[in-house]
Amino acid sequence: MNLNTLLRAMPLVKPTLENPEITAIVNDHRKVGPGSMFICIKGHSVDGHDFAKEAAEKGAAAILSEKPLSLSIPVIVVNDTKHAMAVLADVFYGHPTEKLRLVGITGTNGKTTTSFMVEEIFREAGLETGLIGTISMKIGDRIIETKNTTPDTIVLQETFAEMVGEGVDAAVMEVSSHALVQGRVDGCDFDVAVFTNLSQDHLDYHKTMEEYKKAKGLLFTKLGNTYTKPKFAVINADDPAGEQYITDTSAHVVTYGIDHSADFTAENIVMDSNGTSFTLNSPEGKSNVYLKLMGKFSVYNTLAAIAAAYVSNVPLESIIRTVEAVQGVPGRFESVDEGQDFSVIVDYAHTPDSLENVLKTIKEFAGKRIFAVVGCGGDRDRTKRPLMAAAACKYASDPIFTSDNPRTEDPLAILKDMEKGVEGMNYQVIPDRKEAINAAIKAAREGDVVLIAGKGHETYQIIGDKVFDFDDRLVASNAIKELRRC
Ligand SMILES: CC(=O)N[C@H]1[C@@H](OP(=O)(O)OP(=O)(O)OC[C@H]2O[C@@H](n3ccc(=O)[nH]c3=O)[C@H](O)[C@@H]2O)O[C@H](CO)[C@@H](O)[C@@H]1O[C@H](C)C(=O)N[C@@H](C)C(=O)N[C@H](CCC(=O)O)C(=O)O
Ligand SMILES: Nc1ncnc2c1ncn2[C@@H]1O[C@H](COP(=O)(O)OP(=O)(O)OP(=O)(O)O)[C@@H](O)[C@H]1O
Ligand SMILES: N[C@H](CCC[C@H](N)C(=O)O)C(=O)O
Ligand SMILES: [Mg+2]
């Protein structure tokens, strides 16, 4: 594609005299090759404008910048290169999301779980699917590793183009608040946007809950709606933030909830050690649903998935059949079962609200003691640490505070932050995560439950800037096997 064809996507930008062929669009100068357009992004750690000269030397054919640069190749100046990058990536890759049914899911907790369910529903309904989120990206059964929950704009559009090329009909993606603020999804044509819930997280980045709420709201304010391409905002009616999103969106609103009236609701919720049953009220009347998943929060995720699939024209009967068959999502309430006489559960709860939810659920079926091995990530929201510690002490009989991913912070300082929320309460501190897990498993007796929270599916631990192999599930399973040898 030549430069001026690409630039037509930005009506205020004048065509350039030189009109080189653009072979790639890139925002990392290390990836520039002959014919690339290099987009300068002012980042949180460095300013991409500082690499423009090197990009030109490496053969870039054009530069997109937020300021004039004196270079011998065309430099196109725009106010916001992040936004322009999203528009250009959409054009460069041939508007892939217009050719897909696209469901975007935002909210503090439940995005990964809900997106897995929606993808499974689509797949069982006979559609070819794609999935983008925290655990990985998937095109059909092909797994592609990712660094972020919502990847960078260019990776995103390139991936959607691959999906289209491989015959994918419907894609489901998690949309993080960081991605919304940074415009990573500005080039995406969502058909359905889902809101799970809002509770405290990421205040290191958004600073206040109001700003965090606004960030999530961008998915709904930017959704649009037309007669020929109707858009749907699927909103949790029980979460106060939902009201704002309903007011702000121009899409068709579909609600779900348990405590408030909504288009999709659940009543008669009953949980036992094998799962959770409820009566679904939907536009098609009442249906009985029996999930293999545990807890009220799983009912919320299921309602969100049911509503998103329903407005995507999947028959309700097929939707229910699929959600009932869902076994679980890796690292979410995942059991480690080596035949021991106590339960071990690995879960990705890393916010105060998710920890409280998961522990409340455990408390409903736990016969005896609850050990909760919990840590908080470094270089992330510090204010959630005492709240997470307090949730652990409130619901677990035996909380053990340990390290999560300390990243560049001192692990002991993170633990001190946690302890500020639980002065005078009963807990242990074991900074080494493996030792903490081993200690919980060694102390557990018949009927007890050991919750290992915070890292779920992660197969690594980040200490300083080093990444070590670490999988809670493996560590736990080895600890149980070790017990037998003693
Ligand atoms: C704080 C934050 O969100 N950072 C994201 C941001 O990176 P950044 O602003 O730091 O970028 P930078 O390193 O300053 O670089 C600026 C520009 O210079 C370019 N560059 C840089 C170096 C160089 O040598 N040459 C060069 O050209 C870079 O390619 C970039 O275009 O943009 C990058 C591309 O989109 C993201 O990968 C990166 O996520 C980092 C890794 C991260 O940890 N983000 C977390 C906080 C995050 O986004 N989390 C959410 C999930 C949260 C949740 O809901 O749980 C997520 O979506 O993953
Ligand atoms: N609807 C929900 N409400 C509250 N807590 C939930 C809900 N769904 C899941 N959780 C809890 O949150 C944890 C993370 O769930 P999940 O991975 O689905 O969320 P996420 O929004 O994708 O998180 P992340 O932002 O880290 O990607 C789960 O392990 C569980 O403890
Ligand atoms: N997407 C979340 C994941 C947190 C997982 C937890 N294990 C941690 O490292 O804090 C974040 O980046 O804040
Ligand atoms: Mg996720």
# chains A, B, ... in the order shown; residues from 1 in each chain; ligands from 1
$ residues_near_ligand --ligand "ligand 1" --cutoff "8 Å" --atoms "only C-alpha atoms and all ligand atoms" --output "PyMOL selection string"
chain A and resi 26-30+39-49+51-52+107-109+134+147-153+175-179+182+184+202+205+380
$ write_last_selection --atoms "C-alpha atoms" --output "mmCIF file, in the first residue's frame"
data_model
loop_
_atom_site.group_PDB
_atom_site.id
_atom_site.type_symbol
_atom_site.label_atom_id
_atom_site.label_comp_id
_atom_site.auth_asym_id
_atom_site.auth_seq_id
_atom_site.Cartn_x
_atom_site.Cartn_y
_atom_site.Cartn_z
ATOM 1 C CA VAL A 26 5.919 -0.442 13.232
ATOM 2 C CA ASN A 27 6.241 1.415 16.525
ATOM 3 C CA ASP A 28 9.499 -0.154 17.666
ATOM 4 C CA HIS A 29 12.525 1.153 15.793
ATOM 5 C CA ARG A 30 14.276 -2.188 16.338
ATOM 6 C CA ILE A 39 5.245 5.561 14.323
ATOM 7 C CA CYS A 40 6.746 7.567 17.190
ATOM 8 C CA ILE A 41 4.973 6.868 20.477
ATOM 9 C CA LYS A 42 5.587 8.817 23.672
ATOM 10 C CA GLY A 43 5.624 5.933 26.142
ATOM 11 C CA HIS A 44 5.728 5.592 29.902
ATOM 12 C CA SER A 45 9.427 4.734 29.927
ATOM 13 C CA VAL A 46 10.856 6.211 26.713
ATOM 14 C CA ASP A 47 9.861 8.547 23.883
ATOM 15 C CA GLY A 48 9.706 6.830 20.496
ATOM 16 C CA HIS A 49 10.479 10.180 18.801
ATOM 17 C CA PHE A 51 14.421 6.740 17.715
ATOM 18 C CA ALA A 52 13.096 8.393 14.520
ATOM 19 C CA GLY A 107 -14.157 -5.045 34.052
ATOM 20 C CA THR A 108 -11.862 -5.560 37.030
ATOM 21 C CA ASN A 109 -12.477 -9.282 37.479
ATOM 22 C CA THR A 134 -4.415 -12.651 29.625
ATOM 23 C CA LYS A 147 2.847 -10.016 26.926
ATOM 24 C CA ASN A 148 -0.278 -7.992 27.676
ATOM 25 C CA THR A 149 -3.925 -8.866 28.337
ATOM 26 C CA THR A 150 -4.816 -6.519 25.464
ATOM 27 C CA PRO A 151 -1.921 -6.355 23.009
ATOM 28 C CA ASP A 152 -0.522 -3.318 21.317
ATOM 29 C CA THR A 153 -2.609 -1.919 18.406
ATOM 30 C CA VAL A 175 -10.079 -5.173 26.965
ATOM 31 C CA SER A 176 -8.025 -3.812 29.856
ATOM 32 C CA SER A 177 -8.420 -0.318 31.249
ATOM 33 C CA HIS A 178 -4.789 0.390 30.287
ATOM 34 C CA ALA A 179 -5.582 -0.549 26.689
ATOM 35 C CA GLN A 182 -3.800 4.067 25.587
ATOM 36 C CA ARG A 184 -4.895 0.154 21.830
ATOM 37 C CA HIS A 202 -4.579 -0.439 39.108
ATOM 38 C CA TYR A 205 -1.891 3.795 36.888
ATOM 39 C CA ARG A 380 1.481 -2.357 40.879
#
$ residues_around --residues "Ile437 of chain A" --least-positions-apart "5" --cutoff "9 Å" --atoms "only C-alpha atoms" --output "ChimeraX atom specification"
/A:373,400,402,432,442,450,452,472,475-476,479
$ write_last_selection --atoms "N, CA and C atoms" --output "mmCIF file, in the first residue's frame"
data_model
loop_
_atom_site.group_PDB
_atom_site.id
_atom_site.type_symbol
_atom_site.label_atom_id
_atom_site.label_comp_id
_atom_site.auth_asym_id
_atom_site.auth_seq_id
_atom_site.Cartn_x
_atom_site.Cartn_y
_atom_site.Cartn_z
ATOM 1 N N VAL A 373 -2.755 -18.782 50.999
ATOM 2 C CA VAL A 373 -1.399 -18.324 50.669
ATOM 3 C C VAL A 373 -1.565 -17.149 49.699
ATOM 4 N N ILE A 400 -1.464 -17.036 55.136
ATOM 5 C CA ILE A 400 0.006 -17.020 55.046
ATOM 6 C C ILE A 400 0.367 -15.982 53.983
ATOM 7 N N THR A 402 2.864 -14.083 51.528
ATOM 8 C CA THR A 402 4.096 -14.442 50.831
ATOM 9 C C THR A 402 4.326 -13.496 49.660
ATOM 10 N N ASP A 432 9.291 -16.508 50.956
ATOM 11 C CA ASP A 432 9.561 -17.363 49.795
ATOM 12 C C ASP A 432 8.272 -18.121 49.428
ATOM 13 N N LYS A 442 1.826 -28.792 54.184
ATOM 14 C CA LYS A 442 2.298 -29.655 55.276
ATOM 15 C C LYS A 442 1.355 -29.569 56.495
ATOM 16 N N VAL A 450 -6.701 -25.516 51.089
ATOM 17 C CA VAL A 450 -5.561 -24.611 50.902
ATOM 18 C C VAL A 450 -5.825 -23.798 49.631
ATOM 19 N N ILE A 452 -4.288 -21.109 47.082
ATOM 20 C CA ILE A 452 -3.036 -20.451 46.676
ATOM 21 C C ILE A 452 -3.452 -19.383 45.667
ATOM 22 N N ASP A 472 2.365 -22.364 40.498
ATOM 23 C CA ASP A 472 1.742 -22.731 41.782
ATOM 24 C C ASP A 472 1.220 -24.163 41.758
ATOM 25 N N VAL A 475 4.162 -26.616 42.004
ATOM 26 C CA VAL A 475 4.780 -26.537 43.339
ATOM 27 C C VAL A 475 3.870 -27.242 44.347
ATOM 28 N N ALA A 476 2.563 -26.988 44.226
ATOM 29 C CA ALA A 476 1.618 -27.607 45.166
ATOM 30 C C ALA A 476 1.595 -29.120 44.977
ATOM 31 N N ALA A 479 4.580 -30.665 46.422
ATOM 32 C CA ALA A 479 4.551 -30.627 47.896
ATOM 33 C C ALA A 479 3.675 -31.758 48.436
#
$ residues_near_ligand --ligand "ligand 2" --cutoff "7 Å" --atoms "only C-alpha atoms and all ligand atoms" --output "PyMOL selection string"
chain A and resi 107-114+134+149+174+176+196-197+297-298+300-301+331-333+347-350+353-355+357-358+456
$ closest_atom_pairs --of "chain A" --to "ligand 3" --cutoff "6 Å" --atoms "only C-alpha atoms and all ligand atoms" --output "JSON lines"
{"residue": "A:His350", "atom": "CA", "partner": "ligand 3", "partner_atom_place_in_ligand_line": "6 (C)", "distance": 5.7}
{"residue": "A:Cys376", "atom": "CA", "partner": "ligand 3", "partner_atom_place_in_ligand_line": "10 (O)", "distance": 5.8}
{"residue": "A:Gly377", "atom": "CA", "partner": "ligand 3", "partner_atom_place_in_ligand_line": "10 (O)", "distance": 3.3}
{"residue": "A:Asp404", "atom": "CA", "partner": "ligand 3", "partner_atom_place_in_ligand_line": "7 (N)", "distance": 5.7}
{"residue": "A:Asn405", "atom": "CA", "partner": "ligand 3", "partner_atom_place_in_ligand_line": "9 (O)", "distance": 4.7}
{"residue": "A:Gly454", "atom": "CA", "partner": "ligand 3", "partner_atom_place_in_ligand_line": "7 (N)", "distance": 4.9}
{"residue": "A:Lys455", "atom": "CA", "partner": "ligand 3", "partner_atom_place_in_ligand_line": "7 (N)", "distance": 4.3}
$ select_by_dssp --residues "segment 16-151 of chain A" --states "helix (DSSP H, G or I)" --output "MDAnalysis selection string"
chainID A and resid 29:31 48:57 81:92 96:99 111:124
$ closest_residue --among "A:Lys292, A:Lys481, A:His457, A:Lys99" --to "ligand 4" --atoms "only C-alpha atoms and all ligand atoms"
A:His457
$ residues_around --residues "Glu119 of chain A" --least-positions-apart "2" --cutoff "9 Å" --atoms "only C-alpha atoms" --output "list of chain:residue names"
A:Thr114, A:Ser115, A:Phe116, A:Met117, A:Ile121, A:Phe122, A:Arg123, A:Glu124, A:Thr129, A:Gly130, A:Leu131, A:Ala170, A:Ala171, A:Val172
$ select_by_dssp --residues "segment 216-415 of chain A" --states "strand (DSSP E or B)" --output "NGL selection string"
:A and (232-236 or 252-257 or 264-272 or 275-282 or 285-291 or 329 or 332 or 334-335 or 343-347 or 370-374 or 398-401 or 407)
$ residues_around --residues "Ala308 of chain A" --least-positions-apart "4" --cutoff "7 Å" --atoms "only C-alpha atoms" --output "ChimeraX atom specification"
/A:192,234,304,312
$ write_last_selection --atoms "all heavy atoms" --output "JSON list (two decimals), in the first residue's frame"
[["chain", "number", "residue", "atom", "x", "y", "z"],
["A", 192, "VAL", "N", -20.17, -6.35, 20.27],
["A", 192, "VAL", "CA", -20.70, -6.49, 21.62],
["A", 192, "VAL", "C", -19.63, -6.08, 22.61],
["A", 192, "VAL", "O", -18.47, -6.50, 22.48],
["A", 192, "VAL", "CB", -21.11, -7.97, 21.90],
["A", 192, "VAL", "CG1", -21.71, -8.11, 23.29],
["A", 192, "VAL", "CG2", -22.08, -8.49, 20.85],
["A", 234, "VAL", "N", -23.46, -5.04, 26.99],
["A", 234, "VAL", "CA", -23.96, -6.02, 27.96],
["A", 234, "VAL", "C", -23.44, -5.60, 29.34],
["A", 234, "VAL", "O", -22.23, -5.62, 29.59],
["A", 234, "VAL", "CB", -23.48, -7.44, 27.60],
["A", 234, "VAL", "CG1", -23.88, -8.44, 28.68],
["A", 234, "VAL", "CG2", -24.04, -7.86, 26.24],
["A", 304, "ALA", "N", -23.16, -13.01, 32.04],
["A", 304, "ALA", "CA", -22.54, -12.10, 31.06],
["A", 304, "ALA", "C", -22.29, -12.84, 29.75],
["A", 304, "ALA", "O", -22.59, -12.34, 28.66],
["A", 304, "ALA", "CB", -21.23, -11.54, 31.62],
["A", 312, "SER", "N", -25.55, -12.22, 20.07],
["A", 312, "SER", "CA", -24.77, -12.58, 18.88],
["A", 312, "SER", "C", -25.49, -13.68, 18.10],
["A", 312, "SER", "O", -24.88, -14.36, 17.26],
["A", 312, "SER", "CB", -23.38, -13.07, 19.28],
["A", 312, "SER", "OG", -22.71, -12.12, 20.05]]
$ residues_around --residues "Tyr460 of chain A" --least-positions-apart "5" --cutoff "8 Å" --atoms "only C-alpha atoms" --output "number ranges by chain"
A: 467-471
$ write_last_selection --atoms "all heavy atoms" --output "PDB file, in the first residue's frame"
ATOM      1  N   VAL A 467      13.117 -13.440  35.314  1.00  0.00           N
ATOM      2  CA  VAL A 467      11.903 -14.263  35.278  1.00  0.00           C
ATOM      3  C   VAL A 467      12.295 -15.712  35.573  1.00  0.00           C
ATOM      4  O   VAL A 467      13.088 -16.308  34.844  1.00  0.00           O
ATOM      5  CB  VAL A 467      11.232 -14.170  33.882  1.00  0.00           C
ATOM      6  CG1 VAL A 467       9.946 -14.995  33.853  1.00  0.00           C
ATOM      7  CG2 VAL A 467      10.935 -12.708  33.528  1.00  0.00           C
ATOM      8  N   PHE A 468      11.771 -16.244  36.677  1.00  0.00           N
ATOM      9  CA  PHE A 468      12.085 -17.620  37.078  1.00  0.00           C
ATOM     10  C   PHE A 468      10.893 -18.529  36.787  1.00  0.00           C
ATOM     11  O   PHE A 468       9.754 -18.072  36.846  1.00  0.00           O
ATOM     12  CB  PHE A 468      12.382 -17.667  38.593  1.00  0.00           C
ATOM     13  CG  PHE A 468      13.570 -16.833  38.989  1.00  0.00           C
ATOM     14  CD1 PHE A 468      13.415 -15.498  39.342  1.00  0.00           C
ATOM     15  CD2 PHE A 468      14.848 -17.388  39.000  1.00  0.00           C
ATOM     16  CE1 PHE A 468      14.515 -14.717  39.702  1.00  0.00           C
ATOM     17  CE2 PHE A 468      15.948 -16.618  39.364  1.00  0.00           C
ATOM     18  CZ  PHE A 468      15.788 -15.280  39.703  1.00  0.00           C
ATOM     19  N   ASP A 469      11.179 -19.817  36.485  1.00  0.00           N
ATOM     20  CA  ASP A 469      10.075 -20.771  36.318  1.00  0.00           C
ATOM     21  C   ASP A 469       9.363 -20.920  37.656  1.00  0.00           C
ATOM     22  O   ASP A 469      10.022 -21.134  38.686  1.00  0.00           O
ATOM     23  CB  ASP A 469      10.618 -22.165  35.925  1.00  0.00           C
ATOM     24  CG  ASP A 469      11.074 -22.180  34.482  1.00  0.00           C
ATOM     25  OD1 ASP A 469      10.658 -21.283  33.721  1.00  0.00           O
ATOM     26  OD2 ASP A 469      11.848 -23.081  34.115  1.00  0.00           O
ATOM     27  N   PHE A 470       8.062 -20.798  37.660  1.00  0.00           N
ATOM     28  CA  PHE A 470       7.307 -21.001  38.899  1.00  0.00           C
ATOM     29  C   PHE A 470       5.842 -21.224  38.542  1.00  0.00           C
ATOM     30  O   PHE A 470       5.223 -20.380  37.901  1.00  0.00           O
ATOM     31  CB  PHE A 470       7.407 -19.786  39.850  1.00  0.00           C
ATOM     32  CG  PHE A 470       7.044 -20.120  41.269  1.00  0.00           C
ATOM     33  CD1 PHE A 470       8.017 -20.308  42.233  1.00  0.00           C
ATOM     34  CD2 PHE A 470       5.703 -20.283  41.629  1.00  0.00           C
ATOM     35  CE1 PHE A 470       7.675 -20.660  43.543  1.00  0.00           C
ATOM     36  CE2 PHE A 470       5.350 -20.630  42.933  1.00  0.00           C
ATOM     37  CZ  PHE A 470       6.347 -20.815  43.898  1.00  0.00           C
ATOM     38  N   ASP A 471       5.309 -22.356  38.923  1.00  0.00           N
ATOM     39  CA  ASP A 471       3.911 -22.656  38.639  1.00  0.00           C
ATOM     40  C   ASP A 471       3.292 -23.151  39.942  1.00  0.00           C
ATOM     41  O   ASP A 471       3.665 -24.212  40.447  1.00  0.00           O
ATOM     42  CB  ASP A 471       3.861 -23.741  37.543  1.00  0.00           C
ATOM     43  CG  ASP A 471       2.445 -24.046  37.088  1.00  0.00           C
ATOM     44  OD1 ASP A 471       1.526 -23.971  37.925  1.00  0.00           O
ATOM     45  OD2 ASP A 471       2.265 -24.364  35.896  1.00  0.00           O
TER      46      ASP A 471
END
